[in-house]
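Have a look at coords-v1.cif below; it lists mmCIF, C-alpha atoms.
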data_target
loop_
_atom_site.label_atom_id
_atom_site.label_comp_id
_atom_site.auth_asym_id
_atom_site.auth_seq_id
_atom_site.Cartn_x
_atom_site.Cartn_y
_atom_site.Cartn_z
CA MET A 1 -6.62 -19.42 -22.24
CA ALA A 2 -9.20 -17.56 -24.23
CA HIS A 3 -12.38 -16.78 -22.37
CA LYS A 4 -14.55 -18.59 -24.93
CA ASP A 5 -12.48 -21.77 -24.50
CA ARG A 6 -13.16 -22.04 -20.77
CA LYS A 7 -15.13 -25.01 -19.47
CA ILE A 8 -17.78 -22.82 -17.88
CA GLN A 9 -18.40 -21.15 -21.23
CA ARG A 10 -18.70 -24.44 -23.10
CA MET A 11 -20.88 -26.15 -20.50
CA ARG A 12 -23.55 -23.48 -20.17
CA GLY A 13 -26.94 -25.06 -20.68
CA THR A 14 -25.92 -28.55 -19.55
CA ARG A 15 -27.26 -30.03 -16.36
CA ASN A 16 -24.00 -30.85 -14.59
CA CYS A 17 -21.34 -28.61 -16.25
CA GLY A 18 -18.87 -31.44 -16.79
CA TRP A 19 -18.78 -32.84 -13.27
CA GLY A 20 -20.48 -36.15 -14.12
CA ASN A 21 -23.45 -36.87 -11.91
CA THR A 22 -25.52 -33.83 -10.85
CA GLN A 23 -24.73 -34.37 -7.16
CA LYS A 24 -20.96 -34.41 -7.51
CA HIS A 25 -20.30 -30.66 -7.56
CA ARG A 26 -23.13 -29.29 -5.48
CA GLY A 27 -23.21 -28.17 -1.84
CA ALA A 28 -20.43 -28.57 0.70
CA GLY A 29 -20.55 -32.35 0.76
CA SER A 30 -18.14 -32.56 -2.13
CA ARG A 31 -15.46 -30.73 -0.12
CA GLY A 32 -15.94 -32.48 3.23
CA GLY A 33 -17.87 -29.61 4.85
CA ARG A 34 -17.59 -25.84 4.76
CA GLY A 35 -14.56 -24.04 6.14
CA MET A 36 -12.75 -25.78 8.98
CA ALA A 37 -15.43 -28.44 9.40
CA GLY A 38 -13.78 -31.84 9.67
CA SER A 39 -10.42 -30.37 10.63
CA LYS A 40 -10.04 -33.01 13.35
CA LYS A 41 -11.33 -35.80 11.13
CA GLN A 42 -11.15 -36.02 7.34
CA LYS A 43 -9.13 -32.79 6.92
CA TRP A 44 -6.63 -33.56 9.70
CA SER A 45 -3.70 -34.27 7.38
CA TYR A 46 -4.15 -30.84 5.74
CA VAL A 47 -4.49 -29.02 9.07
CA SER A 48 -1.51 -30.75 10.67
CA LYS A 49 0.69 -29.97 7.67
CA TYR A 50 -0.31 -26.41 6.77
CA MET A 51 -1.67 -25.07 10.08
CA PRO A 52 0.42 -26.70 12.81
CA ASP A 53 -0.33 -23.98 15.39
CA HIS A 54 -4.09 -23.91 14.82
CA PHE A 55 -4.99 -25.99 17.87
CA GLY A 56 -3.79 -25.45 21.43
CA ARG A 57 -3.04 -22.46 23.59
CA VAL A 58 0.07 -20.29 23.72
CA GLY A 59 1.14 -17.94 26.49
CA PHE A 60 -1.09 -16.53 29.19
CA LYS A 61 -3.21 -13.51 30.00
CA ARG A 62 -2.27 -11.32 32.92
CA PRO A 63 -4.96 -10.88 35.58
CA LEU A 64 -6.81 -7.59 35.16
CA LYS A 65 -5.96 -6.48 38.70
CA MET A 66 -2.26 -6.64 37.76
CA ILE A 67 -2.63 -4.44 34.67
CA LYS A 68 -2.47 -0.71 35.36
CA GLU A 69 -2.05 1.79 32.56
CA ASP A 70 -0.71 5.21 33.46
CA VAL A 71 -2.92 8.25 32.90
CA LYS A 72 -0.62 10.66 31.07
CA VAL A 73 -0.59 14.40 30.46
CA ASN A 74 1.72 16.49 28.31
CA ILE A 75 3.58 19.47 29.76
CA GLY A 76 2.30 21.69 26.93
CA MET A 77 -1.33 21.03 27.90
CA LEU A 78 -0.61 22.05 31.49
CA ASP A 79 1.06 25.26 30.34
CA LEU A 80 -1.82 26.12 27.99
CA ASN A 81 -4.52 25.49 30.62
CA LEU A 82 -2.67 27.09 33.53
CA GLU A 83 -5.07 30.03 33.94
CA ARG A 84 -8.07 27.71 34.05
CA LEU A 85 -6.36 25.41 36.58
CA VAL A 86 -5.67 28.38 38.88
CA ARG A 87 -9.22 29.67 38.46
CA ASP A 88 -10.68 26.24 39.33
CA GLY A 89 -8.42 25.89 42.37
CA LYS A 90 -6.44 22.96 40.93
CA ALA A 91 -3.19 24.94 40.78
CA VAL A 92 -1.77 27.51 43.17
CA GLN A 93 0.05 30.65 42.02
CA SER A 94 2.66 32.21 44.31
CA GLY A 95 4.50 35.08 42.68
CA LYS A 96 5.60 33.91 39.24
CA LYS A 97 5.58 30.22 40.17
CA TYR A 98 2.69 27.80 39.81
CA ALA A 99 2.31 24.68 41.96
CA ILE A 100 0.34 21.75 40.53
CA ASP A 101 -0.34 18.39 42.17
CA LEU A 102 -1.01 16.07 39.21
CA GLU A 103 -1.85 13.13 41.46
CA ALA A 104 -4.79 15.10 42.86
CA LEU A 105 -5.90 15.77 39.26
CA GLY A 106 -5.81 12.04 38.48
CA TYR A 107 -2.63 11.91 36.37
CA ASP A 108 0.13 9.36 36.89
CA LYS A 109 2.78 10.46 34.39
CA LEU A 110 4.07 13.72 32.95
CA LEU A 111 5.21 13.69 29.30
CA GLY A 112 7.33 16.26 27.49
CA THR A 113 5.35 17.31 24.41
CA GLY A 114 4.76 21.06 24.16
CA LYS A 115 6.37 24.29 25.33
CA VAL A 116 6.83 25.53 28.89
CA THR A 117 6.58 29.30 29.31
CA HIS A 118 5.90 29.49 33.08
CA ALA A 119 7.85 28.36 36.14
CA LEU A 120 6.03 25.23 37.31
CA GLU A 121 6.44 23.18 40.46
CA ILE A 122 4.83 19.84 39.69
CA LYS A 123 4.19 16.85 41.97
CA VAL A 124 3.69 13.64 40.03
CA ALA A 125 4.39 9.91 40.41
CA LYS A 126 6.33 9.49 37.13
CA SER A 127 7.90 11.85 34.64
CA SER A 128 9.83 11.58 31.38
CA LYS A 129 13.35 13.02 31.25
CA ILE A 130 12.38 15.55 28.57
CA ALA A 131 9.45 16.84 30.64
CA ALA A 132 11.67 17.31 33.69
CA GLU A 133 14.32 19.10 31.60
CA LYS A 134 11.77 21.47 30.04
CA VAL A 135 10.31 22.37 33.44
CA ALA A 136 13.78 22.93 34.89
CA SER A 137 14.85 25.12 31.97
CA ALA A 138 11.77 27.31 32.52
CA GLY A 139 12.72 27.82 36.18
CA GLY A 140 10.55 25.18 37.82
CA LYS A 141 11.01 21.66 39.17
CA VAL A 142 9.37 18.25 39.06
CA GLU A 143 8.96 16.44 42.37
CA LEU A 144 8.48 12.69 42.00
CA LEU A 145 6.15 11.15 44.55
CA THR A 146 7.10 7.75 45.88
CA ALA A 147 4.46 5.11 45.30
CA PRO A 148 3.45 3.00 48.31
CA ALA A 149 5.29 -0.33 48.34
CA ARG A 150 3.20 -3.28 47.23
CA LYS A 151 2.54 -5.67 50.09
CA THR A 152 3.74 -9.21 49.54
CA PRO A 153 2.41 -12.14 51.51
CA ASN A 154 4.71 -13.49 54.23
CA LYS A 155 6.19 -16.89 53.48
CA GLU A 156 6.98 -18.35 56.88
#
Take the structure in this file and express it as structure tokens.
Amino acid sequence: MAHKDRKIQRMRGTRNCGWGNTQKHRGAGSRGGRGMAGSKKQKWSYVSKYMPDHFGRVGFKRPLKMIKEDVKVNIGMLDLNLERLVRDGKAVQSGKKYAIDLEALGYDKLLGTGKVTHALEIKVAKSSKIAAEKVASAGGKVELLTAPARKTPNKE
């Protein structure tokens, strides 16, 4: 359709632009309210057909006390910052080996990104396989700490 043939072009200057009475195409009353207004009343047939999952709940949210995200550290970051950790007393050097307790530093899991150039003896709660392999290939070891068992209420 050519732009000059459009209704809006032809109706410029008229009071109601081809909608009959002036009130018929003004405000939100002509569409039954704005947005989702009337979705449980006059627009229910539309909502039930095209948005069947709009109302109601699905699933559940876990309690916040049950959600615990691991604090992770990469093996490469430990190797890069080894001198600083020894200087601050957070790692212990004995000969060519370095002992680091990651649980005391606040880390829960050891990941394997980065290079290992020193022999490290690391204590941590969780570790990826790649991290453990890299530490072992550099002459160190990863000691996994056992987490305390969660207490369950007695059902007697």
Report, in Å to a single decimal, how far apart atom CA of A:Ala37 and atom CA of A:Lys7 are.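 A separation of 29.1 Å between them.
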In Å, with one decimal, what is the gap from atom CA of A:Ala91 to atom CA of A:Ile130?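 Between atom CA of A:Ala91 and atom CA of A:Ile130 the gap is 21.9 Å.
With distances restricted to all atoms listed in the file, A:Thr117 is the closest residue to A:Ala138 from A:Thr117, A:Asn81, A:Asn21, A:Ser45.
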Considering all atoms listed in the file, return as a VMD selection string whatever protein or nucleic-acid residues lie within 10 Å of A:Gly139, sequence-local ones (same chain, fewer than 2 positions apart) excluded. chain A and resid 96 to 97 116 to 121 133 to 137 141
Might you spell out which residues the PyMOL selection byres ((chain A and resi 82) around 12) would select in the displayed file, as an MDAnalysis selection string? chainID A and resid 75:81 83:93 97:100 116:120
Neighbouring residues of A:Glu103 were defined as those with any atom within 10 Å, considering all atoms listed in the file; residues of the same chain fewer than 2 positions away were excluded. Please report them as a PyMOL selection string. chain A and resi 71+100-101+105-109+122-126+145
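Here atom CA of A:Thr113 and atom CA of A:Asn74 stand 5.4 Å from one another.
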